[in-house]
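Okay, coords-v8.cif is below, mmCIF, C-alpha atoms:
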data_target
loop_
_atom_site.label_atom_id
_atom_site.label_comp_id
_atom_site.auth_asym_id
_atom_site.auth_seq_id
_atom_site.Cartn_x
_atom_site.Cartn_y
_atom_site.Cartn_z
CA MET A 1 52.18 -22.97 -28.24
CA PHE A 2 51.73 -26.62 -27.28
CA LEU A 3 48.15 -27.51 -26.41
CA ALA A 4 47.94 -29.11 -22.97
CA HIS A 5 45.23 -31.10 -21.23
CA ASN A 6 43.60 -28.99 -18.50
CA ASP A 7 44.61 -30.00 -15.00
CA SER A 8 43.80 -28.60 -11.57
CA ARG A 9 47.49 -28.56 -10.67
CA LYS A 10 49.37 -25.50 -11.77
CA ARG A 11 52.08 -26.43 -14.23
CA ALA A 12 55.49 -25.07 -13.37
CA THR A 13 57.23 -22.96 -15.98
CA SER A 14 59.94 -24.93 -17.74
CA LEU A 15 62.54 -24.21 -20.34
CA ALA A 16 61.80 -24.88 -23.99
CA PRO A 17 63.64 -27.91 -25.41
CA GLN A 18 67.01 -27.41 -27.03
CA ALA A 19 67.37 -31.06 -28.05
CA ALA A 20 65.48 -33.13 -30.63
CA TYR A 21 65.27 -36.88 -31.19
CA VAL A 22 64.21 -38.09 -34.65
CA HIS A 23 63.13 -41.72 -35.05
CA ILE A 24 63.90 -43.51 -38.32
CA PRO A 25 62.19 -46.92 -37.94
CA PHE A 26 63.38 -48.78 -41.03
CA CYS A 27 65.65 -51.82 -40.71
CA GLN A 28 67.08 -54.56 -42.88
CA GLN A 29 66.00 -57.09 -40.25
CA LYS A 30 64.70 -56.83 -36.71
CA CYS A 31 67.40 -57.84 -34.23
CA TYR A 32 66.33 -60.65 -31.93
CA TYR A 33 66.69 -58.52 -28.77
CA CYS A 34 65.01 -55.37 -30.14
CA ASP A 35 61.69 -54.06 -28.83
CA PHE A 36 61.87 -50.62 -30.48
CA PRO A 37 59.16 -49.59 -32.98
CA VAL A 38 60.79 -50.64 -36.24
CA VAL A 39 59.69 -51.58 -39.75
CA VAL A 40 61.56 -54.16 -41.83
CA ASP A 41 61.85 -52.31 -45.13
CA HIS A 42 65.23 -51.27 -46.50
CA LYS A 43 64.40 -50.62 -50.15
CA PRO A 44 65.58 -47.13 -51.13
CA ASP A 45 62.55 -46.64 -53.40
CA SER A 46 60.03 -47.96 -50.88
CA ARG A 47 56.69 -46.13 -50.95
CA HIS A 48 56.36 -46.83 -47.21
CA ARG A 49 59.58 -44.99 -46.54
CA ALA A 50 58.61 -42.05 -48.73
CA LYS A 51 55.26 -41.73 -46.95
CA TYR A 52 56.82 -42.00 -43.50
CA LEU A 53 59.37 -39.28 -44.21
CA GLU A 54 56.62 -37.04 -45.56
CA ILE A 55 54.54 -37.48 -42.39
CA LEU A 56 57.60 -37.07 -40.17
CA ARG A 57 58.51 -33.78 -41.81
CA TRP A 58 54.89 -32.66 -41.43
CA GLU A 59 55.05 -33.37 -37.70
CA ILE A 60 58.22 -31.29 -37.39
CA LYS A 61 56.56 -28.35 -39.13
CA LEU A 62 53.52 -28.62 -36.84
CA THR A 63 55.68 -28.24 -33.75
CA PRO A 64 55.97 -24.66 -32.44
CA PRO A 65 59.56 -23.52 -31.81
CA GLY A 66 60.92 -22.42 -28.46
CA GLN A 67 62.93 -19.30 -27.73
CA GLN A 68 66.35 -20.97 -28.03
CA PRO A 69 67.89 -22.83 -31.00
CA LEU A 70 68.61 -26.55 -30.86
CA THR A 71 71.96 -27.55 -29.39
CA SER A 72 71.61 -31.26 -30.25
CA VAL A 73 69.80 -33.49 -32.73
CA PHE A 74 69.90 -37.29 -32.53
CA PHE A 75 68.79 -39.59 -35.36
CA GLY A 76 67.96 -42.98 -33.83
CA GLY A 77 66.07 -46.04 -34.89
CA GLY A 78 65.69 -48.37 -36.49
CA THR A 79 68.56 -47.69 -38.83
CA PRO A 80 69.08 -44.02 -39.76
CA SER A 81 72.04 -44.99 -41.97
CA LEU A 82 69.52 -46.38 -44.46
CA LEU A 83 68.66 -42.77 -45.34
CA THR A 84 70.16 -41.24 -48.44
CA PRO A 85 71.94 -37.90 -48.01
CA ALA A 86 69.01 -36.22 -49.81
CA GLU A 87 66.48 -37.68 -47.35
CA LEU A 88 68.56 -36.77 -44.32
CA GLY A 89 69.21 -33.31 -45.70
CA GLN A 90 65.48 -32.59 -46.05
CA ILE A 91 64.84 -33.45 -42.40
CA LEU A 92 67.78 -31.36 -41.21
CA GLN A 93 66.59 -28.42 -43.29
CA ASP A 94 63.12 -28.66 -41.75
CA LEU A 95 64.57 -28.78 -38.24
CA ARG A 96 66.84 -25.81 -38.92
CA GLU A 97 64.03 -23.72 -40.40
CA GLN A 98 61.59 -24.59 -37.61
CA PHE A 99 63.82 -24.35 -34.54
CA GLY A 100 67.17 -22.88 -35.55
CA PHE A 101 70.54 -24.50 -34.91
CA ALA A 102 73.06 -23.29 -32.36
CA GLU A 103 76.49 -22.56 -33.76
CA GLU A 104 78.09 -25.52 -31.97
CA ILE A 105 75.20 -27.96 -32.43
CA GLU A 106 75.84 -31.70 -31.99
CA ILE A 107 74.12 -33.76 -34.71
CA SER A 108 74.34 -37.51 -34.07
CA LEU A 109 73.38 -40.37 -36.37
CA GLU A 110 73.16 -44.06 -35.52
CA ALA A 111 74.75 -46.24 -38.20
CA ASP A 112 74.76 -49.96 -38.94
CA PRO A 113 78.05 -51.23 -40.39
CA GLY A 114 76.27 -53.16 -43.14
CA THR A 115 74.13 -50.36 -44.59
CA PRO A 116 74.56 -48.02 -47.56
CA GLY A 117 75.07 -45.09 -45.21
CA ILE A 118 78.66 -46.18 -44.60
CA GLN A 119 79.32 -45.10 -48.20
CA TYR A 120 77.56 -41.76 -47.53
CA LEU A 121 79.72 -40.69 -44.57
CA GLU A 122 81.32 -37.75 -46.35
CA ASP A 123 77.89 -36.62 -47.60
CA TYR A 124 76.49 -36.84 -44.07
CA GLN A 125 79.39 -34.70 -42.85
CA GLU A 126 78.66 -32.05 -45.46
CA LEU A 127 75.07 -31.92 -44.20
CA GLY A 128 76.35 -31.09 -40.69
CA VAL A 129 76.30 -34.51 -39.02
CA ASN A 130 79.28 -34.36 -36.65
CA ARG A 131 78.78 -37.38 -34.39
CA LEU A 132 78.36 -41.01 -35.45
CA SER A 133 77.20 -43.95 -33.31
CA LEU A 134 78.29 -47.25 -34.87
CA GLY A 135 76.18 -50.26 -33.81
CA VAL A 136 78.87 -52.94 -33.72
CA GLN A 137 77.46 -54.97 -30.75
CA SER A 138 80.18 -57.67 -31.02
CA PHE A 139 83.35 -58.56 -32.92
CA ILE A 140 82.51 -62.30 -32.64
CA PRO A 141 80.84 -63.65 -35.84
CA GLU A 142 78.71 -66.24 -34.03
CA LEU A 143 77.38 -63.66 -31.56
CA LEU A 144 76.36 -61.38 -34.43
CA ARG A 145 74.47 -64.26 -36.05
CA VAL A 146 72.75 -65.37 -32.86
CA SER A 147 71.60 -61.77 -32.26
CA GLY A 148 70.01 -61.40 -35.68
CA ARG A 149 72.49 -58.76 -36.85
CA THR A 150 72.82 -58.54 -40.62
CA HIS A 151 76.35 -57.15 -40.66
CA THR A 152 79.56 -59.16 -40.48
CA VAL A 153 82.91 -58.56 -38.81
CA GLU A 154 84.23 -57.65 -42.26
CA ASP A 155 81.48 -55.00 -42.52
CA ILE A 156 82.58 -53.61 -39.15
CA GLU A 157 86.19 -53.36 -40.29
CA THR A 158 85.14 -51.67 -43.53
CA ALA A 159 82.97 -49.18 -41.64
CA ILE A 160 85.76 -48.32 -39.19
CA HIS A 161 88.19 -47.84 -42.07
CA ARG A 162 85.70 -45.50 -43.79
CA ILE A 163 85.14 -43.52 -40.59
CA GLN A 164 88.86 -43.04 -40.15
CA ALA A 165 89.42 -42.23 -43.83
CA CYS A 166 86.71 -39.55 -43.69
CA GLY A 167 88.37 -37.93 -40.70
CA TRP A 168 85.47 -38.37 -38.27
CA GLU A 169 86.66 -37.03 -34.95
CA ASN A 170 83.62 -37.62 -32.75
CA TRP A 171 82.25 -41.14 -33.08
CA SER A 172 81.00 -43.84 -30.75
CA LEU A 173 81.05 -47.64 -30.86
CA ASP A 174 78.30 -49.78 -29.27
CA LEU A 175 78.78 -53.21 -27.67
CA ILE A 176 76.37 -55.60 -25.89
CA GLN A 177 77.26 -57.86 -22.96
CA GLY A 178 75.26 -60.87 -21.81
CA LEU A 179 74.46 -62.31 -25.26
CA PRO A 180 73.57 -66.02 -25.56
CA GLY A 181 76.77 -68.07 -25.63
CA GLN A 182 79.00 -65.09 -24.82
CA THR A 183 82.08 -65.85 -22.72
CA LEU A 184 84.44 -63.57 -20.82
CA ALA A 185 87.07 -64.28 -23.49
CA HIS A 186 84.61 -63.10 -26.18
CA TRP A 187 84.00 -59.94 -24.17
CA GLU A 188 87.67 -59.18 -23.65
CA PHE A 189 88.32 -59.66 -27.37
CA SER A 190 85.52 -57.26 -28.40
CA LEU A 191 86.67 -54.61 -25.93
CA GLN A 192 90.23 -54.89 -27.22
CA LYS A 193 89.04 -54.52 -30.82
CA ALA A 194 86.92 -51.54 -29.77
CA ILE A 195 89.81 -49.55 -28.33
CA GLU A 196 92.02 -50.43 -31.31
CA ALA A 197 89.44 -48.63 -33.49
CA GLN A 198 90.03 -45.50 -31.36
CA PRO A 199 86.48 -44.13 -31.06
CA LYS A 200 86.05 -41.16 -28.74
CA HIS A 201 83.07 -42.81 -27.04
CA ILE A 202 82.08 -46.40 -26.24
CA SER A 203 78.64 -47.59 -25.11
CA VAL A 204 78.40 -50.91 -23.26
CA TYR A 205 74.83 -52.18 -22.98
CA ASP A 206 73.62 -55.08 -20.87
CA LEU A 207 71.26 -57.43 -22.71
CA THR A 208 67.68 -57.09 -21.49
CA LEU A 209 65.10 -59.75 -22.39
CA GLU A 210 62.17 -57.61 -23.49
CA PRO A 211 58.67 -59.11 -23.94
CA LYS A 212 57.59 -59.70 -27.55
CA THR A 213 61.18 -60.13 -28.74
CA ARG A 214 62.59 -63.34 -30.20
CA PHE A 215 65.17 -63.54 -27.41
CA TYR A 216 62.40 -63.35 -24.80
CA ARG A 217 60.67 -66.29 -26.48
CA ASP A 218 63.79 -68.38 -27.08
CA TYR A 219 65.74 -67.73 -23.87
CA PRO A 220 64.00 -67.89 -20.47
CA GLU A 221 65.93 -65.98 -17.81
CA ASP A 222 67.32 -69.24 -16.41
CA SER A 223 68.44 -70.49 -19.84
CA PRO A 224 71.90 -72.11 -19.69
CA ALA A 225 72.70 -70.34 -22.98
CA LEU A 226 72.68 -66.98 -21.23
CA PRO A 227 75.62 -65.82 -19.11
CA GLY A 228 74.51 -65.87 -15.48
CA ASP A 229 74.40 -62.88 -13.15
CA GLU A 230 77.88 -63.60 -11.79
CA LEU A 231 79.45 -63.70 -15.25
CA THR A 232 77.64 -60.58 -16.52
CA ALA A 233 78.75 -58.73 -13.37
CA GLU A 234 82.31 -59.87 -14.07
CA MET A 235 81.97 -58.60 -17.66
CA TYR A 236 80.70 -55.24 -16.41
CA CYS A 237 83.54 -54.80 -13.93
CA PHE A 238 86.13 -55.91 -16.48
CA ALA A 239 84.82 -53.34 -18.99
CA HIS A 240 85.06 -50.60 -16.36
CA GLU A 241 88.65 -51.40 -15.41
CA PHE A 242 89.77 -52.00 -19.01
CA LEU A 243 88.21 -48.90 -20.56
CA GLU A 244 89.17 -46.58 -17.71
CA LYS A 245 92.76 -47.83 -18.04
CA HIS A 246 92.70 -46.87 -21.71
CA GLY A 247 91.46 -43.32 -21.15
CA TYR A 248 87.67 -43.73 -21.30
CA HIS A 249 85.85 -42.09 -18.38
CA HIS A 250 82.89 -44.11 -17.09
CA TYR A 251 80.54 -41.12 -17.02
CA GLU A 252 77.19 -42.97 -17.14
CA ILE A 253 76.09 -46.51 -16.24
CA SER A 254 76.41 -47.74 -19.85
CA ASN A 255 78.71 -45.12 -21.36
CA TYR A 256 82.38 -44.23 -21.52
CA ALA A 257 84.03 -41.25 -23.19
CA GLN A 258 87.40 -39.65 -23.64
CA PRO A 259 87.57 -36.15 -22.09
CA GLY A 260 85.23 -33.73 -23.84
CA TYR A 261 83.34 -36.40 -25.81
CA GLN A 262 80.35 -37.25 -23.65
CA CYS A 263 77.16 -37.51 -25.71
CA ARG A 264 75.60 -34.08 -25.30
CA HIS A 265 72.18 -35.24 -26.47
CA ASN A 266 71.92 -38.14 -24.01
CA LEU A 267 73.04 -35.88 -21.17
CA THR A 268 69.79 -34.01 -21.80
CA TYR A 269 67.85 -37.18 -20.90
CA TRP A 270 69.86 -38.05 -17.80
CA ARG A 271 69.75 -34.50 -16.47
CA ASN A 272 65.96 -34.60 -16.91
CA GLN A 273 65.94 -31.63 -19.27
CA PRO A 274 63.21 -31.05 -21.90
CA TYR A 275 63.49 -32.37 -25.46
CA TYR A 276 61.43 -32.80 -28.61
CA GLY A 277 60.68 -36.24 -30.02
CA PHE A 278 59.63 -36.81 -33.63
CA GLY A 279 58.50 -39.92 -35.42
CA LEU A 280 57.07 -43.37 -34.73
CA GLY A 281 57.00 -44.17 -31.00
CA ALA A 282 59.18 -41.16 -30.13
CA THR A 283 58.76 -39.46 -26.75
CA SER A 284 58.81 -35.72 -26.06
CA TYR A 285 59.43 -34.14 -22.66
CA ILE A 286 57.94 -30.65 -22.67
CA ASP A 287 56.49 -28.57 -19.83
CA GLN A 288 57.24 -31.50 -17.49
CA VAL A 289 55.04 -33.85 -19.54
CA ARG A 290 56.33 -36.97 -21.28
CA PHE A 291 54.31 -37.79 -24.33
CA THR A 292 54.87 -40.85 -26.57
CA ARG A 293 53.65 -41.06 -30.15
CA PRO A 294 51.82 -44.16 -31.46
CA LYS A 295 54.08 -47.15 -32.17
CA TYR A 296 52.36 -48.40 -35.33
CA LEU A 297 52.61 -46.63 -38.67
CA HIS A 298 48.88 -46.29 -39.39
CA SER A 299 48.16 -44.96 -35.89
CA TYR A 300 51.07 -42.54 -36.09
CA TYR A 301 49.89 -41.21 -39.47
CA GLN A 302 46.39 -40.70 -38.11
CA TRP A 303 47.73 -38.93 -35.06
CA VAL A 304 49.77 -36.44 -37.13
CA LYS A 305 46.72 -35.73 -39.32
CA GLU A 306 44.66 -35.04 -36.19
CA GLN A 307 47.31 -32.60 -34.93
CA ALA A 308 47.13 -30.77 -38.25
CA THR A 309 43.44 -30.06 -37.66
CA LEU A 310 44.38 -28.48 -34.30
CA GLY A 311 47.15 -26.42 -35.84
CA ALA A 312 49.79 -27.62 -33.35
CA ILE A 313 50.95 -30.73 -31.53
CA ALA A 314 48.72 -31.48 -28.52
CA ILE A 315 50.17 -32.79 -25.27
CA SER A 316 47.35 -34.98 -24.04
CA ASP A 317 48.89 -36.30 -20.82
CA ASP A 318 48.81 -34.68 -17.38
CA PRO A 319 52.03 -33.44 -15.78
CA PRO A 320 53.46 -35.72 -13.09
CA SER A 321 53.04 -35.01 -9.40
CA VAL A 322 55.84 -33.36 -7.44
CA LYS A 323 56.79 -36.75 -6.03
CA GLU A 324 56.89 -38.33 -9.50
CA GLN A 325 59.10 -35.51 -10.77
CA LEU A 326 61.49 -35.99 -7.85
CA ILE A 327 61.66 -39.76 -8.41
CA GLU A 328 62.34 -39.27 -12.13
CA SER A 329 65.17 -36.86 -11.37
CA LEU A 330 66.71 -39.29 -8.87
CA MET A 331 66.47 -42.29 -11.18
CA LEU A 332 67.95 -40.44 -14.15
CA GLY A 333 70.53 -38.35 -12.32
CA LEU A 334 72.05 -41.25 -10.42
CA ARG A 335 72.84 -42.92 -13.74
CA LEU A 336 75.49 -40.24 -14.23
CA ARG A 337 78.90 -40.33 -12.56
CA GLU A 338 78.34 -36.66 -11.65
CA GLY A 339 75.22 -37.71 -9.72
CA ILE A 340 72.65 -35.32 -8.28
CA ASN A 341 72.82 -31.99 -6.49
CA LEU A 342 70.22 -32.15 -3.73
CA THR A 343 70.11 -28.36 -3.27
CA GLN A 344 69.20 -27.89 -6.93
CA LEU A 345 66.90 -30.90 -6.98
CA LEU A 346 64.83 -29.69 -4.02
CA LYS A 347 64.99 -25.94 -4.56
CA GLN A 348 61.28 -25.66 -5.48
CA PHE A 349 60.16 -27.00 -2.10
CA PRO A 350 59.38 -24.81 0.95
CA ALA A 351 62.15 -24.84 3.55
CA GLY A 352 60.45 -27.24 5.99
CA ILE A 353 59.54 -29.78 3.35
CA LYS A 354 62.93 -29.44 1.67
CA THR A 355 64.76 -30.28 4.89
CA SER A 356 62.58 -33.33 5.63
CA VAL A 357 62.90 -34.78 2.13
CA GLU A 358 66.62 -34.06 1.93
CA ASN A 359 67.23 -35.80 5.26
CA LEU A 360 65.25 -38.82 4.09
CA ILE A 361 67.20 -39.11 0.81
CA VAL A 362 70.56 -38.60 2.53
CA ARG A 363 69.72 -41.22 5.15
CA GLN A 364 69.07 -43.80 2.45
CA LEU A 365 72.19 -42.93 0.44
CA ARG A 366 74.41 -43.07 3.52
CA ARG A 367 73.38 -46.70 4.02
CA PHE A 368 75.51 -47.54 1.01
CA GLN A 369 78.49 -45.27 1.64
CA ALA A 370 80.18 -47.79 3.90
CA GLU A 371 79.95 -50.34 1.08
CA GLY A 372 81.81 -47.96 -1.23
CA TRP A 373 78.87 -47.75 -3.64
CA VAL A 374 77.82 -44.15 -2.92
CA GLY A 375 79.91 -41.01 -2.52
CA ASN A 376 79.24 -37.35 -1.87
CA GLN A 377 80.95 -33.98 -2.05
CA GLN A 378 78.94 -31.33 -0.20
CA GLU A 379 75.49 -31.37 -1.87
CA GLN A 380 76.49 -33.68 -4.72
CA TRP A 381 75.65 -37.38 -4.30
CA PHE A 382 76.73 -40.03 -6.79
CA LEU A 383 77.18 -43.76 -7.36
CA ILE A 384 80.79 -44.98 -7.49
CA PRO A 385 81.57 -47.30 -10.41
CA PRO A 386 81.78 -50.12 -10.99
CA GLN A 387 79.96 -51.54 -7.94
CA GLY A 388 77.74 -48.50 -7.37
CA PHE A 389 76.57 -48.57 -10.98
CA LEU A 390 76.24 -52.34 -10.98
CA LEU A 391 73.99 -52.23 -7.90
CA SER A 392 72.15 -49.02 -8.79
CA ASN A 393 68.78 -50.79 -8.83
CA LEU A 394 69.23 -51.80 -5.19
CA VAL A 395 70.08 -48.22 -4.16
CA LEU A 396 67.15 -46.80 -6.11
CA THR A 397 64.74 -49.37 -4.68
CA HIS A 398 65.55 -48.20 -1.15
CA LEU A 399 65.11 -44.57 -2.18
CA LEU A 400 61.76 -45.20 -3.86
CA LEU A 401 60.40 -47.24 -0.97
CA ALA A 402 61.36 -44.46 1.46
CA LEU A 403 59.69 -41.79 -0.68
CA GLU A 404 56.53 -43.85 -1.23
CA ASN A 405 55.13 -42.97 2.18
CA VAL A 406 56.04 -39.26 2.16
CA THR A 407 52.58 -37.67 1.97
CA ILE A 408 53.91 -34.09 2.01
CA LEU A 409 54.95 -34.57 -1.61
CA ASP A 410 51.51 -35.70 -2.85
#
I'd like the structure from this file rewritten - as structure tokens, please.
Amino acid sequence: MFLAHNDSRKRATSLAPQAAYVHIPFCQQKCYYCDFPVVVDHKPDSRHRAKYLEILRWEIKLTPPGQQPLTSVFFGGGTPSLLTPAELGQILQDLREQFGFAEEIEISLEADPGTPGIQYLEDYQELGVNRLSLGVQSFIPELLRVSGRTHTVEDIETAIHRIQACGWENWSLDLIQGLPGQTLAHWEFSLQKAIEAQPKHISVYDLTLEPKTRFYRDYPEDSPALPGDELTAEMYCFAHEFLEKHGYHHYEISNYAQPGYQCRHNLTYWRNQPYYGFGLGATSYIDQVRFTRPKYLHSYYQWVKEQATLGAIAISDDPPSVKEQLIESLMLGLRLREGINLTQLLKQFPAGIKTSVENLIVRQLRRFQAEGWVGNQQEQWFLIPPQGFLLSNLVLTHLLLALENVTILD
């Protein structure tokens, strides 16, 4: 079993994870907006890559399995499409042997249009990968260059052609709004090109200036090169109207899908369900504890070696308080169009406390119903896109401030 730090609070029983995230950190170049733990090394015969994959597979084998097989696996990065089919196959075999795979498992892989993996698509399919996430980001050449992307528009077109030729049914296309120099015309063009490619799923991410990134250094928040708040809000609302009109349901703040093609793995995160994390900087959520691995290669290698001496992966962090768990569930659940079910969310509380907390949450949410940002059906409360999603931070701020002073949850 997982080794947990002793704590005076009794840990609630939770389900074993049925989802696994696997981090592949290698990239051809670090994008200028990226703050993920990545390593610029794309040589197929790199000794660094061989060592990392060896340690990663060791970590997987050190992780005790739960009672249920995995229903989703997600390879993220970095650039997982730098892996050869042989390398990917070894990891999948380890996961299958250690945890088991459900019959209808979803196996997703992030892919960069300009990487060798685009030529391996049929091999990936044979290994069981059945969902692809293509990191396009923009169909405007200048915006790709300014973002530090190494692929070209021609690479995107080649990748889409390969995806279609291989008969991929379930694939997603990623775009970013708010890039330096981006106009509404650029945005409309990229969205049009996206739907012409006919993916089943489209992710639309808002640029965030993260510390320690090149964009953070080069573009202060008030930089005239960046689209302002009014323009980015216009882009967000345009994407909502445009994609909904073309059959893509806006099921999460940044994600759209045709019916039946929501990302099963990411739903695990937003529904605050447990999951395994493997690899550099990856986070696990097990027994109500979130635990993040070291973000530098040497530290990560040392950590895995230490776990080997214990015989199992050790969760070294304390579980969150009841209030922290509630806040996490609210913040994650309200990202989804389906929202939150307050009866389910508060079912662990005694009746008196449950009623008080439920009334407090409902009172805050009702403040925004008149604005058309929040809706509810019986016990289900949700944000209404596009404005509800666009102003989700404001709604959540009011909720968190109201819960801050509720001592019965401490």
Quiz prompt | Selection: 12 Å around A:Leu184, only C-alpha atoms, excl. self and same-chain fewer than 6 positions, as a list of chain:residue names | solution = A:Gln177, A:Gly178, A:Ser190, A:Leu191, A:Pro227, A:Gly228, A:Glu230, A:Leu231, A:Thr232, A:Ala233, A:Glu234, A:Met235, A:Tyr236, A:Cys237, A:Phe238, A:Ala239
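The neighbours of stretch 87-95 of chain A here are the residues that come within 9 Å of it, using all atoms listed in the file and leaving out any residue fewer than 4 positions away in the same chain; they are Ala20, Leu53, Leu56, Arg57, Ile60, Lys61, Leu70, Val73, Pro80, Leu83, Phe99, Gly100, Phe101, Tyr124, Leu127 and Gly128 of chain A.
Those residues that approach A:Pro44 to within 12 Å, counting all atoms listed in the file, are A:Phe26, A:Cys27, A:Gln28, A:Asp41, A:Arg47, A:His48, A:Arg49, A:Ala50, A:Ser81, A:Leu82, A:Leu83, A:Thr84, A:Pro85, A:Ala86, A:Glu87, A:Thr115, A:Pro116, A:Gly117; same-chain residues fewer than 3 positions away are not listed.
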Quiz item: Can you list, as a PyMOL selection string, every protein, DNA or RNA residue that comes within 12 Å of stretch 254-259 of chain A when you count all atoms listed in the file, leaving out same-chain residues fewer than 5 positions away?
Solution: chain A and resi 169-177+194-195+198-207+236-237+239-249+264+266-267+270+335-337+385-386+389-390+392
With C-alpha atoms retained, could you export that selection as a short mmCIF file (atom, residue, chain, number, x, y, z; two decimals), in the frame of the given file?
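Listing of again-v2.cif after writing:
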data_model
loop_
_atom_site.label_atom_id
_atom_site.label_comp_id
_atom_site.auth_asym_id
_atom_site.auth_seq_id
_atom_site.Cartn_x
_atom_site.Cartn_y
_atom_site.Cartn_z
CA GLU A 169 86.66 -37.03 -34.95
CA ASN A 170 83.62 -37.62 -32.75
CA TRP A 171 82.25 -41.14 -33.08
CA SER A 172 81.00 -43.84 -30.75
CA LEU A 173 81.05 -47.64 -30.86
CA ASP A 174 78.30 -49.78 -29.27
CA LEU A 175 78.78 -53.21 -27.67
CA ILE A 176 76.37 -55.60 -25.89
CA GLN A 177 77.26 -57.86 -22.96
CA ALA A 194 86.92 -51.54 -29.77
CA ILE A 195 89.81 -49.55 -28.33
CA GLN A 198 90.03 -45.50 -31.36
CA PRO A 199 86.48 -44.13 -31.06
CA LYS A 200 86.05 -41.16 -28.74
CA HIS A 201 83.07 -42.81 -27.04
CA ILE A 202 82.08 -46.40 -26.24
CA SER A 203 78.64 -47.59 -25.11
CA VAL A 204 78.40 -50.91 -23.26
CA TYR A 205 74.83 -52.18 -22.98
CA ASP A 206 73.62 -55.08 -20.87
CA LEU A 207 71.26 -57.43 -22.71
CA TYR A 236 80.70 -55.24 -16.41
CA CYS A 237 83.54 -54.80 -13.93
CA ALA A 239 84.82 -53.34 -18.99
CA HIS A 240 85.06 -50.60 -16.36
CA GLU A 241 88.65 -51.40 -15.41
CA PHE A 242 89.77 -52.00 -19.01
CA LEU A 243 88.21 -48.90 -20.56
CA GLU A 244 89.17 -46.58 -17.71
CA LYS A 245 92.76 -47.83 -18.04
CA HIS A 246 92.70 -46.87 -21.71
CA GLY A 247 91.46 -43.32 -21.15
CA TYR A 248 87.67 -43.73 -21.30
CA HIS A 249 85.85 -42.09 -18.38
CA ARG A 264 75.60 -34.08 -25.30
CA ASN A 266 71.92 -38.14 -24.01
CA LEU A 267 73.04 -35.88 -21.17
CA TRP A 270 69.86 -38.05 -17.80
CA ARG A 335 72.84 -42.92 -13.74
CA LEU A 336 75.49 -40.24 -14.23
CA ARG A 337 78.90 -40.33 -12.56
CA PRO A 385 81.57 -47.30 -10.41
CA PRO A 386 81.78 -50.12 -10.99
CA PHE A 389 76.57 -48.57 -10.98
CA LEU A 390 76.24 -52.34 -10.98
CA SER A 392 72.15 -49.02 -8.79
#
Write out as a PDB file with C-alpha atoms, keeping the file's coordinate frame which residues come within 12 Å of A:Leu394 when counting all atoms listed in the file, dropping same-chain ones fewer than 4 positions away.
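Below you can see selection.pdb, which holds the result:
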ATOM      1  CA  MET A 331      66.470 -42.290 -11.180  1.00  0.00           C
ATOM      2  CA  GLN A 364      69.070 -43.800   2.450  1.00  0.00           C
ATOM      3  CA  LEU A 365      72.190 -42.930   0.440  1.00  0.00           C
ATOM      4  CA  ARG A 367      73.380 -46.700   4.020  1.00  0.00           C
ATOM      5  CA  PHE A 368      75.510 -47.540   1.010  1.00  0.00           C
ATOM      6  CA  TRP A 373      78.870 -47.750  -3.640  1.00  0.00           C
ATOM      7  CA  VAL A 374      77.820 -44.150  -2.920  1.00  0.00           C
ATOM      8  CA  LEU A 383      77.180 -43.760  -7.360  1.00  0.00           C
ATOM      9  CA  GLN A 387      79.960 -51.540  -7.940  1.00  0.00           C
ATOM     10  CA  GLY A 388      77.740 -48.500  -7.370  1.00  0.00           C
ATOM     11  CA  PHE A 389      76.570 -48.570 -10.980  1.00  0.00           C
ATOM     12  CA  LEU A 390      76.240 -52.340 -10.980  1.00  0.00           C
ATOM     13  CA  HIS A 398      65.550 -48.200  -1.150  1.00  0.00           C
ATOM     14  CA  LEU A 399      65.110 -44.570  -2.180  1.00  0.00           C
ATOM     15  CA  LEU A 400      61.760 -45.200  -3.860  1.00  0.00           C
ATOM     16  CA  LEU A 401      60.400 -47.240  -0.970  1.00  0.00           C
TER      17      LEU A 401
END
Practice problem: Anything within 8 Å of (61.0, -61.9, -19.1): list those residues as a PyMOL selection string, counting all atoms listed in the file and sticking to the file's coordinates. | Solution: chain A and resi 209-211+216+220-221
For the residues selected in the previous step, produce a file with C-alpha atoms as a short mmCIF file (atom, residue, chain, number, x, y, z; two decimals), keeping the file's coordinate frame.
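Generated file (result07.cif):
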data_model
loop_
_atom_site.label_atom_id
_atom_site.label_comp_id
_atom_site.auth_asym_id
_atom_site.auth_seq_id
_atom_site.Cartn_x
_atom_site.Cartn_y
_atom_site.Cartn_z
CA LEU A 209 65.10 -59.75 -22.39
CA GLU A 210 62.17 -57.61 -23.49
CA PRO A 211 58.67 -59.11 -23.94
CA TYR A 216 62.40 -63.35 -24.80
CA PRO A 220 64.00 -67.89 -20.47
CA GLU A 221 65.93 -65.98 -17.81
#
Quiz item: Rounded to one decimal in Å, what is the spacing between atom CA of A:Ala225 and atom CA of A:Gly135?
Solution: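 Separating atom CA of A:Ala225 from atom CA of A:Gly135 is a distance of 23.1 Å.
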Quiz prompt | Which residue of A:Gln98, A:Thr283, A:Ser72, A:Gln302 approaches A:Asn130 most closely, using only C-alpha atoms | solution = A:Ser72
Exercise. Using all atoms listed in the file, pick whichever of A:Pro113, A:Pro224, A:Gly148, A:Gly279 has the shortest atom-to-atom distance to A:Val136.
Key: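 Result for the nearest residue to A:Val136: A:Pro113.
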Exercise. Name the closest residue to A:Ser147 among the candidates A:Thr213, A:Thr407, A:Asn359, A:Gln377; distances are taken between atoms, counting only C-alpha atoms.
Key: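 Nearest to A:Ser147: A:Thr213.
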